[in-house]
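So this block is input38.txt, compact mmCIF, C-alpha atoms:
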```
# COMPACT_ATOMS: atom_id res chain seq x y z
CA MET A 1 121.56 144.85 129.68
CA LEU A 2 117.91 144.36 130.60
CA LEU A 3 117.19 143.50 126.97
CA GLY A 4 120.03 140.98 127.09
CA CYS A 5 118.51 139.36 130.19
CA MET A 6 115.14 139.09 128.45
CA VAL A 7 116.64 137.54 125.32
CA ILE A 8 118.52 134.91 127.33
CA SER A 9 115.42 134.00 129.36
CA VAL A 10 113.22 133.69 126.24
CA PHE A 11 115.72 131.37 124.52
CA LEU A 12 116.08 129.46 127.79
CA CYS A 13 112.32 128.82 127.82
CA TYR A 14 112.40 127.77 124.18
CA GLY A 15 115.26 125.38 124.90
CA GLN A 16 113.35 123.79 127.79
CA ILE A 17 110.18 123.50 125.68
CA ARG A 18 112.11 121.82 122.86
CA ASN A 19 114.23 119.85 125.35
CA SER A 20 117.29 120.81 123.28
CA LYS A 21 120.42 120.14 125.33
CA ALA A 22 122.58 122.02 122.82
CA LEU A 23 120.43 125.16 122.97
CA LEU A 24 120.20 124.92 126.76
CA ALA A 25 123.98 124.62 127.05
CA VAL A 26 124.43 127.72 124.87
CA CYS A 27 121.86 129.65 126.95
CA LEU A 28 123.44 128.65 130.25
CA LEU A 29 126.93 129.57 129.07
CA ALA A 30 125.56 132.86 127.74
CA PHE A 31 123.95 133.46 131.13
CA LEU A 32 127.23 132.85 132.96
CA GLY A 33 129.13 135.08 130.54
CA PHE A 34 126.50 137.80 130.83
CA VAL A 35 126.67 137.75 134.64
CA VAL A 36 130.48 137.98 134.61
CA LEU A 37 130.25 140.81 132.04
CA SER A 38 127.85 142.69 134.31
CA CYS A 39 130.52 142.68 137.04
CA GLY A 40 132.57 145.11 134.99
CA ARG A 41 129.54 147.35 134.40
CA ASN A 42 128.46 147.60 138.05
CA ALA A 43 125.16 145.92 137.20
CA VAL A 44 125.67 142.43 138.60
CA PHE A 45 123.22 142.84 141.47
CA ALA A 46 120.44 143.99 139.12
CA VAL A 47 121.14 141.11 136.71
CA LEU A 48 121.08 138.56 139.54
CA LEU A 49 117.74 139.96 140.76
CA TYR A 50 116.30 139.60 137.26
CA PHE A 51 117.29 135.95 137.02
CA LEU A 52 116.32 135.04 140.59
CA PRO A 53 112.74 133.99 139.60
CA TRP A 54 114.26 132.03 136.69
CA SER A 55 116.82 130.14 138.79
CA PRO A 56 114.95 126.77 138.82
CA LEU A 57 114.92 126.87 135.00
CA LEU A 58 118.66 127.61 134.71
CA ARG A 59 119.74 123.96 134.48
CA LEU A 60 120.18 121.21 131.91
CA ASP A 61 117.60 118.98 133.62
CA ASN A 62 115.42 119.16 136.71
CA LYS A 63 117.88 117.11 138.80
CA SER A 64 121.07 119.08 138.12
CA VAL A 65 122.34 122.09 140.07
CA SER A 66 121.01 125.50 139.07
CA PHE A 67 123.43 127.65 137.09
CA PHE A 68 122.17 130.61 139.13
CA THR A 69 124.00 129.20 142.15
CA ILE A 70 127.10 128.63 140.01
CA ALA A 71 126.87 132.22 138.73
CA LEU A 72 126.63 133.58 142.27
CA LEU A 73 129.77 131.65 143.20
CA ALA A 74 131.52 132.83 140.02
CA VAL A 75 130.69 136.46 140.81
CA CYS A 76 132.16 136.05 144.29
CA LEU A 77 135.38 134.63 142.84
CA VAL A 78 135.64 137.44 140.26
CA TYR A 79 135.35 140.16 142.89
CA CYS A 80 137.70 138.40 145.28
CA LEU A 81 140.33 138.22 142.56
CA LYS A 82 139.76 141.91 141.83
CA ASP A 83 140.36 142.62 145.53
CA HIS A 84 143.55 140.50 145.45
CA LEU A 85 141.98 137.94 147.83
CA SER A 86 141.66 140.43 150.67
CA PHE A 87 139.13 139.40 153.31
CA ASN A 88 137.45 141.32 156.11
CA THR A 89 138.99 140.15 159.39
CA TYR A 90 135.86 140.21 161.56
CA GLN A 91 133.67 138.43 159.03
CA SER A 92 136.36 135.86 158.29
CA VAL A 93 136.69 135.07 161.99
CA LEU A 94 132.90 134.72 162.30
CA ALA A 95 132.82 132.50 159.22
CA PHE A 96 135.64 130.36 160.64
CA PHE A 97 133.78 129.79 163.93
CA LEU A 98 130.54 129.06 162.05
CA VAL A 99 132.35 126.42 160.00
CA LEU A 100 133.81 124.85 163.17
CA LEU A 101 130.38 124.78 164.86
CA THR A 102 128.61 123.33 161.85
CA LEU A 103 131.28 120.65 161.35
CA ALA A 104 131.02 119.74 165.04
CA ALA A 105 127.23 119.54 164.72
CA LYS A 106 127.52 117.34 161.61
CA LEU A 107 129.93 115.05 163.41
CA TRP A 108 127.68 114.84 166.49
CA GLN A 109 124.49 114.24 164.48
CA GLY A 110 126.14 111.99 161.88
CA ASN A 111 125.21 114.26 158.98
CA PRO A 112 127.16 114.18 155.68
CA ILE A 113 128.96 117.10 154.00
CA ARG A 114 127.14 117.87 150.74
CA ASN A 115 127.53 120.42 147.95
CA ASN A 116 125.01 122.87 149.46
CA TYR A 117 127.11 123.03 152.63
CA LEU A 118 130.33 123.68 150.66
CA PHE A 119 128.53 126.44 148.74
CA PHE A 120 127.34 127.99 152.01
CA VAL A 121 130.88 127.99 153.40
CA CYS A 122 132.18 129.67 150.23
CA MET A 123 129.49 132.35 150.56
CA LEU A 124 130.47 133.04 154.15
CA PHE A 125 134.02 133.91 153.10
CA LEU A 126 133.51 135.34 149.61
CA LEU A 127 130.17 137.16 149.62
CA PRO A 128 131.33 140.26 151.58
CA SER A 129 133.54 141.22 148.62
CA VAL A 130 130.49 141.17 146.32
CA VAL A 131 128.00 143.08 148.47
CA GLU A 132 130.53 145.86 148.89
CA LYS A 133 130.15 146.51 145.13
CA SER A 134 126.36 146.03 145.03
CA ASN A 135 125.76 149.64 146.10
CA ALA A 136 127.15 150.78 142.74
CA VAL A 137 123.85 149.90 141.08
CA SER A 138 120.91 152.27 141.34
CA PHE A 139 118.01 151.04 143.48
CA LYS A 140 115.69 152.07 140.66
CA GLU A 141 117.59 149.92 138.15
CA ALA A 142 117.71 146.98 140.55
CA THR A 143 113.95 147.21 141.15
CA LEU A 144 113.09 147.45 137.46
CA PHE A 145 115.30 144.47 136.62
CA PHE A 146 113.72 142.51 139.49
CA ALA A 147 110.18 143.44 138.42
CA ALA A 148 110.86 142.52 134.77
CA GLY A 149 112.20 139.13 135.83
CA VAL A 150 109.28 138.41 138.17
CA VAL A 151 106.54 139.45 135.71
CA MET A 152 108.08 137.69 132.68
CA ALA A 153 108.67 134.45 134.59
CA ALA A 154 105.14 134.46 136.07
CA LEU A 155 103.31 135.18 132.81
CA ILE A 156 105.42 132.83 130.65
CA ALA A 157 105.02 130.02 133.21
CA GLN A 158 101.27 130.61 133.21
CA GLN A 159 101.11 130.26 129.42
CA THR A 160 103.47 127.27 129.07
CA ALA A 161 102.27 125.17 132.04
CA GLY A 162 100.59 122.64 129.74
CA LEU A 163 103.63 121.96 127.54
CA PRO A 164 105.21 118.57 128.37
CA ASN A 165 108.96 119.30 128.61
CA ILE A 166 108.86 122.58 130.53
CA SER A 167 105.92 121.51 132.73
CA LYS A 168 108.28 119.61 135.06
CA TYR A 169 109.55 123.02 136.22
CA ILE A 170 106.06 124.48 136.69
CA ASN A 171 104.06 123.45 139.74
CA VAL A 172 100.32 124.14 139.49
CA GLN A 173 98.43 123.08 142.63
CA SER A 174 94.77 122.38 141.92
CA TYR A 175 92.21 121.13 144.45
CA LEU A 176 88.49 121.76 144.79
CA SER A 177 87.98 125.05 142.93
CA ILE A 178 91.40 126.42 143.97
CA THR A 179 94.31 126.75 141.53
CA ARG A 180 97.67 127.98 142.80
CA ARG A 181 100.49 128.99 140.47
CA SER A 182 104.11 129.63 141.36
CA GLY A 183 105.92 130.68 138.19
CA PHE A 184 108.97 128.47 137.75
CA TYR A 185 109.72 128.39 141.46
CA GLY A 186 107.74 125.30 142.51
CA ASP A 187 106.32 126.73 145.72
CA PRO A 188 103.58 129.41 145.67
CA ASN A 189 104.76 131.04 148.89
CA PHE A 190 108.39 131.42 147.76
CA TYR A 191 107.12 132.78 144.45
CA ALA A 192 104.86 135.24 146.30
CA ALA A 193 107.78 136.32 148.53
CA HIS A 194 109.66 137.52 145.42
CA ILE A 195 106.64 139.58 144.42
CA THR A 196 106.14 141.26 147.81
CA ALA A 197 109.86 142.16 147.91
CA CYS A 198 109.66 143.67 144.43
CA LEU A 199 106.34 145.37 145.21
CA ALA A 200 107.94 147.15 148.16
CA GLY A 201 110.64 148.49 145.83
CA VAL A 202 108.08 149.70 143.27
CA GLN A 203 106.14 151.48 146.02
CA LEU A 204 109.31 153.30 147.09
CA LEU A 205 109.99 154.37 143.52
CA LEU A 206 106.42 155.64 143.20
CA SER A 207 106.65 157.67 146.38
CA ARG A 208 109.68 159.58 145.03
CA GLU A 209 108.81 159.78 141.33
CA GLU A 210 107.82 163.25 140.07
CA LYS A 211 107.32 162.64 136.35
CA ARG A 212 103.73 161.77 135.46
CA VAL A 213 104.65 159.31 132.69
CA HIS A 214 106.98 157.43 135.03
CA GLN A 215 104.31 157.37 137.74
CA LEU A 216 101.81 155.83 135.31
CA ALA A 217 104.36 153.22 134.23
CA LEU A 218 105.13 152.30 137.85
CA LEU A 219 101.42 152.12 138.71
CA ALA A 220 100.89 149.74 135.78
CA LEU A 221 103.84 147.68 137.00
CA MET A 222 102.36 147.57 140.51
CA VAL A 223 99.03 146.29 139.15
CA LEU A 224 100.89 143.61 137.17
CA LEU A 225 102.82 142.50 140.27
CA ILE A 226 99.62 142.27 142.32
CA TYR A 227 98.01 140.19 139.56
CA CYS A 228 101.03 137.83 139.47
CA GLY A 229 100.96 137.58 143.27
CA LEU A 230 97.26 136.71 143.35
CA LEU A 231 97.94 133.85 140.92
CA SER A 232 99.65 132.11 143.85
CA ALA A 233 96.44 132.21 145.95
CA SER A 234 98.82 132.70 148.88
CA LYS A 235 97.33 133.93 152.15
CA SER A 236 100.75 135.21 153.19
CA PHE A 237 100.87 137.28 149.98
CA VAL A 238 97.52 138.91 150.78
CA LEU A 239 98.50 139.66 154.40
CA THR A 240 101.97 140.94 153.45
CA THR A 241 100.55 143.14 150.68
CA ALA A 242 98.08 144.63 153.17
CA GLY A 243 101.03 145.33 155.48
CA LEU A 244 102.92 146.95 152.59
CA PHE A 245 100.12 149.40 151.89
CA LEU A 246 99.85 150.25 155.61
CA ALA A 247 103.60 150.91 155.77
CA TRP A 248 103.40 152.92 152.54
CA VAL A 249 100.86 155.45 153.90
CA PRO A 250 103.35 157.36 156.14
CA ILE A 251 105.73 157.64 153.16
CA LEU A 252 103.00 159.09 150.93
CA LEU A 253 102.09 161.59 153.67
CA GLU A 254 105.67 162.89 153.97
CA LYS A 255 106.16 166.57 153.28
CA GLY A 256 106.89 167.24 149.64
CA HIS A 257 105.31 168.42 146.43
CA ARG A 258 101.61 168.47 147.29
CA THR A 259 100.42 168.60 143.68
CA SER A 260 102.53 165.58 142.74
CA LYS A 261 101.37 163.69 145.85
CA PHE A 262 97.74 164.44 145.02
CA ARG A 263 98.19 163.15 141.45
CA LEU A 264 99.89 160.03 142.80
CA LEU A 265 97.09 159.31 145.28
CA LEU A 266 94.56 159.81 142.48
CA GLY A 267 96.50 157.38 140.31
CA ILE A 268 96.61 154.81 143.14
CA LEU A 269 92.84 155.06 143.57
CA CYS A 270 92.37 154.55 139.82
CA ALA A 271 94.69 151.53 139.90
CA GLY A 272 92.68 150.14 142.81
CA ALA A 273 89.46 150.64 140.87
CA VAL A 274 90.95 148.78 137.90
CA ILE A 275 91.95 145.86 140.13
CA VAL A 276 88.55 145.61 141.83
CA SER A 277 86.49 145.93 138.65
CA SER A 278 88.67 143.94 136.22
CA SER A 279 87.36 140.58 135.00
CA ALA A 280 90.95 139.26 135.06
CA PHE A 281 91.15 139.76 138.84
CA GLU A 282 87.63 138.50 139.68
CA PRO A 283 88.39 134.72 139.65
CA LEU A 284 91.59 135.35 141.63
CA PHE A 285 89.65 137.15 144.36
CA GLU A 286 87.18 134.25 144.47
CA VAL A 287 90.01 131.77 145.04
CA ILE A 288 91.52 133.95 147.78
CA ASP A 289 88.10 134.30 149.43
CA GLU A 290 87.65 130.53 149.39
CA ARG A 291 91.08 129.95 150.93
CA PHE A 292 90.36 132.34 153.79
CA SER A 293 86.87 130.83 154.29
CA TYR A 294 88.49 127.62 155.61
CA ALA A 295 90.42 129.56 158.31
CA ALA A 296 88.26 128.92 161.36
CA ASN A 297 91.22 129.07 163.79
CA ILE A 298 94.88 130.14 163.86
CA SER A 299 96.07 126.68 162.79
CA GLN A 300 93.87 126.70 159.69
CA LEU A 301 94.71 130.33 158.93
CA THR A 302 98.43 129.48 158.89
CA THR A 303 97.83 126.16 157.07
CA LYS A 304 98.96 124.27 160.20
CA ARG A 305 102.23 126.18 160.44
CA THR A 306 101.63 126.95 164.11
CA ASP A 307 101.37 123.20 164.76
CA LEU A 308 104.73 122.69 163.07
CA TRP A 309 106.28 125.52 165.08
CA MET A 310 105.09 123.94 168.34
CA ASP A 311 106.47 120.57 167.20
CA TYR A 312 109.90 122.12 166.61
CA LEU A 313 109.84 124.06 169.88
CA ASN A 314 108.92 120.87 171.72
CA GLU A 315 111.89 119.12 170.11
CA PHE A 316 114.18 121.97 171.24
CA ALA A 317 112.89 121.57 174.80
CA HIS A 318 113.74 117.84 174.88
CA ASN A 319 116.91 117.66 172.77
CA VAL A 320 119.69 119.70 174.37
CA SER A 321 122.43 118.85 171.84
CA LEU A 322 120.18 119.83 168.92
CA THR A 323 119.21 123.08 170.65
CA LEU A 324 122.84 124.04 171.24
CA LEU A 325 124.51 122.83 168.02
CA GLY A 326 121.73 122.24 165.49
CA HIS A 327 122.21 119.97 162.47
CA GLY A 328 125.13 121.91 160.96
CA TYR A 329 123.45 123.29 157.83
CA THR A 330 122.11 119.95 156.58
CA SER A 331 119.00 119.33 154.46
CA VAL A 332 117.07 117.49 157.15
CA THR A 333 113.68 118.24 158.69
CA LEU A 334 111.80 117.17 161.80
CA HIS A 335 109.40 114.28 161.15
CA GLY A 336 109.61 114.98 157.42
CA TRP A 337 108.16 118.50 157.71
CA ALA A 338 110.02 121.78 157.26
CA SER A 339 109.73 124.35 160.05
CA HIS A 340 108.23 127.04 157.77
CA ASN A 341 109.93 129.70 159.87
CA THR A 342 113.40 131.10 159.21
CA ILE A 343 114.15 131.86 162.87
CA ILE A 344 113.21 128.32 163.97
CA GLN A 345 115.16 126.94 161.02
CA SER A 346 118.22 128.97 162.08
CA VAL A 347 118.19 127.36 165.52
CA TYR A 348 117.45 123.92 164.04
CA GLN A 349 120.44 124.21 161.68
CA PHE A 350 122.95 126.23 163.76
CA GLY A 351 121.74 125.87 167.34
CA LEU A 352 121.69 128.59 169.95
CA LEU A 353 125.48 128.79 169.69
CA GLY A 354 125.68 129.30 165.94
CA ALA A 355 122.50 131.24 165.08
CA PRO A 356 123.69 134.49 166.78
CA LEU A 357 126.99 134.25 164.88
CA LEU A 358 125.08 133.90 161.60
CA PHE A 359 122.93 136.96 162.34
CA ILE A 360 126.02 138.99 163.32
CA TRP A 361 127.68 137.95 160.04
CA VAL A 362 124.60 139.15 158.12
CA ALA A 363 124.61 142.45 160.05
CA LEU A 364 128.30 143.07 159.31
CA THR A 365 127.76 142.23 155.63
CA LEU A 366 124.90 144.71 155.35
CA LYS A 367 126.96 147.30 157.20
CA ARG A 368 129.55 147.08 154.41
CA VAL A 369 126.82 147.82 151.87
CA ARG A 370 125.62 150.80 153.88
CA GLN A 371 129.11 152.24 154.33
CA GLY A 372 129.63 152.30 150.58
CA LEU A 373 126.56 154.47 149.98
CA LYS A 374 126.88 158.22 149.57
CA ASP A 375 124.90 158.90 152.74
CA SER A 376 124.96 156.17 155.37
CA ARG A 377 121.79 157.42 157.09
CA SER A 378 118.70 155.39 156.28
CA ASN A 379 115.05 156.45 156.21
CA TRP A 380 113.22 154.42 158.86
CA ARG A 381 109.96 154.51 156.89
CA TYR A 382 111.71 153.09 153.83
CA THR A 383 113.42 150.48 155.97
CA LEU A 384 110.09 149.43 157.49
CA LEU A 385 108.46 149.10 154.06
CA MET A 386 111.34 147.00 152.72
CA LEU A 387 111.38 144.79 155.82
CA VAL A 388 107.65 144.15 155.47
CA GLY A 389 108.02 143.17 151.82
CA VAL A 390 111.17 141.05 152.19
CA VAL A 391 111.43 139.71 155.75
CA ILE A 392 107.80 139.24 156.88
CA PRO A 393 107.22 136.37 154.37
CA TRP A 394 110.26 134.62 155.86
CA ILE A 395 108.27 134.08 159.07
CA ALA A 396 106.36 131.41 157.13
CA LEU A 397 109.28 130.15 154.98
CA ASP A 398 112.58 128.29 155.40
CA ILE A 399 114.94 130.60 153.54
CA LEU A 400 118.42 129.50 154.64
CA PHE A 401 118.96 127.00 151.82
CA PHE A 402 117.96 129.44 149.08
CA ASP A 403 119.96 132.11 147.24
CA GLU A 404 117.46 134.76 148.41
CA PHE A 405 119.09 134.62 151.84
CA PHE A 406 122.22 136.24 150.38
CA LEU A 407 120.61 138.69 147.92
CA LEU A 408 117.39 140.12 149.32
CA PRO A 409 118.83 141.58 152.58
CA VAL A 410 121.13 143.70 150.38
CA TYR A 411 118.04 144.84 148.46
CA VAL A 412 116.51 145.96 151.78
CA VAL A 413 119.54 148.14 152.57
CA LEU A 414 119.55 149.73 149.11
CA GLY A 415 115.85 150.51 149.47
CA SER A 416 116.17 151.97 152.95
CA HIS A 417 118.74 154.45 151.61
CA TYR A 418 116.89 155.25 148.39
CA SER A 419 115.87 158.75 149.55
CA LYS A 420 119.58 159.64 149.65
CA GLU A 421 120.31 158.44 146.10
```

Encoded form using structure tokens:
Amino acid sequence: MLLGCMVISVFLCYGQIRNSKALLAVCLLAFLGFVVLSCGRNAVFAVLLYFLPWSPLLRLDNKSVSFFTIALLAVCLVYCLKDHLSFNTYQSVLAFFLVLLTLAAKLWQGNPIRNNYLFFVCMLFLLPSVVEKSNAVSFKEATLFFAAGVVMAALIAQQTAGLPNISKYINVQSYLSITRRSGFYGDPNFYAAHITACLAGVQLLLSREEKRVHQLALLALMVLLIYCGLLSASKSFVLTTAGLFLAWVPILLEKGHRTSKFRLLLGILCAGAVIVSSSAFEPLFEVIDERFSYAANISQLTTKRTDLWMDYLNEFAHNVSLTLLGHGYTSVTLHGWASHNTIIQSVYQFGLLGAPLLFIWVALTLKRVRQGLKDSRSNWRYTLLMLVGVVIPWIALDILFFDEFFLLPVYVVLGSHYSKE
């Protein structure tokens, strides 16, 4: 199935390069069929993770809706039909109240009902049926699919950035001596957030792997992911990766096979030496060093995100209706600037009345994933590592309008229970 994913993505790239609508239509239909097929093989979550970095490319043109979103909705419908349209009572009630609150907020603020809102409402009601089946896939398989998708998308985008037709999907930010790449995702920080999430999964696999050949393969994959992440020249990637390695140390020091642990630590040191000494990494480190050299204060370090956060908090303090109800899940920003913080965005979109309901809905959804695992007890060290890789980047990103909001929390739960697999 991984080979099938790779074949579809390669032909998808070729179709975009040639601007062949016929070939693109065939690829997109093949993608939808492949995703539906994976439902019957308990591999849908892994397949969706593979195609997540490709989602901006999964469309006929750069203005149409991504077929990744359509596939996610199709998967929800397939599983709901398999469950004979049975819905969880508590989550359905929460979803119903969230819909009422968001509609009231839209009415109060004069915001329209658009397709992204209708999709969000569908996810509220239908997604719990999907995540309940996501625990059928192995965390190792999900991570390897995710890593393959991330690395292939990053490297192919790097090589095809100069080609005219596909270049509209590839955003390369260049200023002074700094070049920032973002795969096909358009934003370097969102692109880097995929890599830190996947990197956390690879680190977990490494900490449990006993076979030397598999350890070497995972170490090579980790080096590749770090290289792809550094292409973004993202300060949040560097800080999150540092946090990942700090959270990884207690896992490596757990009691276990000492000989295997020693070999693993030796391999990690060798991988680090390769990264530091490699000519491929040297220009990337220079770009990162230059980006951090401009950070004379907290505002410059966060690329003025703290200023935006204060602007939003000031608006909350002076606009009571917005603070209570929000904008009702509408693609609007304050003064033309996104909040760059998922918590602030949650209040801005759902208000203080709706944001807690949304977080409770997420918690109940993840609880259904956990209950389906063989052992419902999680390893707190694994949970911490996965949270650092997945959630920490969301402090500097608005994630609510992206498909990652529905998929990556499930990945965190699967990772936190990996020791029980």

Counting all atoms listed in the file, which residues in stretch 395-421 of chain A sit no more than 12 Å from stretch 235-254 of chain A? For each one, give the nearest pair of atoms and the distance in Å, sorted by chain then residue number, as a Markdown table.
```
| residue | atom | partner | partner_atom | distance |
| --- | --- | --- | --- | --- |
| A:Ile395 | CA | A:Ser236 | CA | 9.6 |
| A:Ala396 | CA | A:Ser236 | CA | 7.8 |
| A:Leu397 | CA | A:Ser236 | CA | 10.1 |
| A:Ser416 | CA | A:Ile251 | CA | 11.9 |
| A:Ser419 | CA | A:Ile251 | CA | 10.8 |
```

Of the candidates A:Asp61, A:Leu73, A:Val150, A:Ala296, which one gets nearest to A:Val36 if we count all atoms listed in the file?
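Closest to A:Val36 of all the choices is A:Leu73.
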
Between atom CA of A:Ile343 and atom CA of A:Pro356, what is the distance, to one decimal in Å?
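Taking atom CA of A:Ile343 and atom CA of A:Pro356, their separation equals 10.6 Å.
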
Of the candidates A:Gln16, A:Asn115, A:Thr143, A:Gln349, which shows the shortest atom-to-atom distance to A:Pro56, using only C-alpha atoms?
A:Gln16

Using only C-alpha atoms, which of the listed residues (A:Phe146, A:Trp54, A:Trp380, A:Tyr79) sits closest to A:Gly40?
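Among A:Phe146, A:Trp54, A:Trp380, A:Tyr79, it is A:Tyr79 that comes nearest to A:Gly40.
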
Please measure the separation of atom CA of A:Gln345 and atom CA of A:Ala95, giving the value in Å to one decimal.
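Atom CA of A:Ala95 lies at a distance of 18.6 Å from atom CA of A:Gln345.
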
Export stretch 28-106 of chain A of the preceding structure, keeping C-alpha atoms, as a CSV table (one decimal), in the first residue's frame.
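part-v3.csv written:
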```csv
chain,number,residue,atom,x,y,z
A,28,LEU,CA,-7.3,12.2,-8.0
A,29,LEU,CA,-9.9,9.5,-8.7
A,30,ALA,CA,-7.2,6.9,-8.0
A,31,PHE,CA,-6.3,8.6,-4.8
A,32,LEU,CA,-10.0,8.6,-3.7
A,33,GLY,CA,-10.4,5.0,-4.6
A,34,PHE,CA,-7.1,4.0,-2.9
A,35,VAL,CA,-8.2,5.8,0.4
A,36,VAL,CA,-11.6,4.0,0.3
A,37,LEU,CA,-9.8,0.7,-0.4
A,38,SER,CA,-7.6,1.3,2.6
A,39,CYS,CA,-10.7,1.5,4.9
A,40,GLY,CA,-11.2,-2.2,4.3
A,41,ARG,CA,-7.6,-3.0,5.1
A,42,ASN,CA,-7.4,-1.1,8.4
A,43,ALA,CA,-4.7,1.2,6.9
A,44,VAL,CA,-6.7,4.4,6.2
A,45,PHE,CA,-5.0,6.4,9.0
A,46,ALA,CA,-1.5,5.5,7.6
A,47,VAL,CA,-2.5,6.4,4.0
A,48,LEU,CA,-4.0,9.7,5.1
A,49,LEU,CA,-0.8,10.6,7.0
A,50,TYR,CA,1.2,9.8,3.9
A,51,PHE,CA,-0.8,12.1,1.7
A,52,LEU,CA,-1.1,14.9,4.3
A,53,PRO,CA,2.0,16.8,3.0
A,54,TRP,CA,0.7,16.3,-0.5
A,55,SER,CA,-2.8,17.7,0.2
A,56,PRO,CA,-2.2,21.1,-1.5
A,57,LEU,CA,-1.2,19.3,-4.7
A,58,LEU,CA,-4.3,17.1,-4.6
A,59,ARG,CA,-6.5,19.4,-6.8
A,60,LEU,CA,-7.2,20.1,-10.4
A,61,ASP,CA,-6.0,23.7,-10.0
A,62,ASN,CA,-4.7,25.9,-7.3
A,63,LYS,CA,-8.1,27.5,-6.6
A,64,SER,CA,-10.2,24.3,-6.3
A,65,VAL,CA,-10.8,22.4,-3.1
A,66,SER,CA,-8.2,19.8,-2.1
A,67,PHE,CA,-9.2,16.2,-2.7
A,68,PHE,CA,-7.6,15.3,0.6
A,69,THR,CA,-10.4,17.1,2.4
A,70,ILE,CA,-12.9,15.3,0.2
A,71,ALA,CA,-11.2,11.9,0.9
A,72,LEU,CA,-11.4,12.6,4.7
A,73,LEU,CA,-15.1,13.3,4.4
A,74,ALA,CA,-15.6,10.2,2.2
A,75,VAL,CA,-13.8,8.0,4.8
A,76,CYS,CA,-16.1,9.4,7.5
A,77,LEU,CA,-19.2,8.5,5.4
A,78,VAL,CA,-17.8,5.0,4.7
A,79,TYR,CA,-17.3,4.2,8.4
A,80,CYS,CA,-20.6,5.7,9.4
A,81,LEU,CA,-22.4,3.5,6.9
A,82,LYS,CA,-20.5,0.5,8.3
A,83,ASP,CA,-21.7,1.4,11.8
A,84,HIS,CA,-25.3,1.7,10.5
A,85,LEU,CA,-25.3,5.5,11.2
A,86,SER,CA,-24.8,5.0,15.0
A,87,PHE,CA,-23.5,8.1,16.7
A,88,ASN,CA,-22.0,8.6,20.2
A,89,THR,CA,-24.5,10.4,22.3
A,90,TYR,CA,-22.2,12.6,24.3
A,91,GLN,CA,-20.2,13.7,21.3
A,92,SER,CA,-23.3,14.3,19.2
A,93,VAL,CA,-24.8,16.5,22.0
A,94,LEU,CA,-21.5,18.5,22.2
A,95,ALA,CA,-21.4,18.8,18.4
A,96,PHE,CA,-25.1,20.0,18.4
A,97,PHE,CA,-24.3,22.8,20.9
A,98,LEU,CA,-21.2,23.8,19.1
A,99,VAL,CA,-23.2,24.2,15.9
A,100,LEU,CA,-25.8,26.3,17.7
A,101,LEU,CA,-23.2,28.5,19.2
A,102,THR,CA,-21.3,29.0,15.9
A,103,LEU,CA,-24.5,29.7,14.0
A,104,ALA,CA,-25.5,32.3,16.7
A,105,ALA,CA,-22.0,33.8,16.5
A,106,LYS,CA,-22.3,34.0,12.6
```
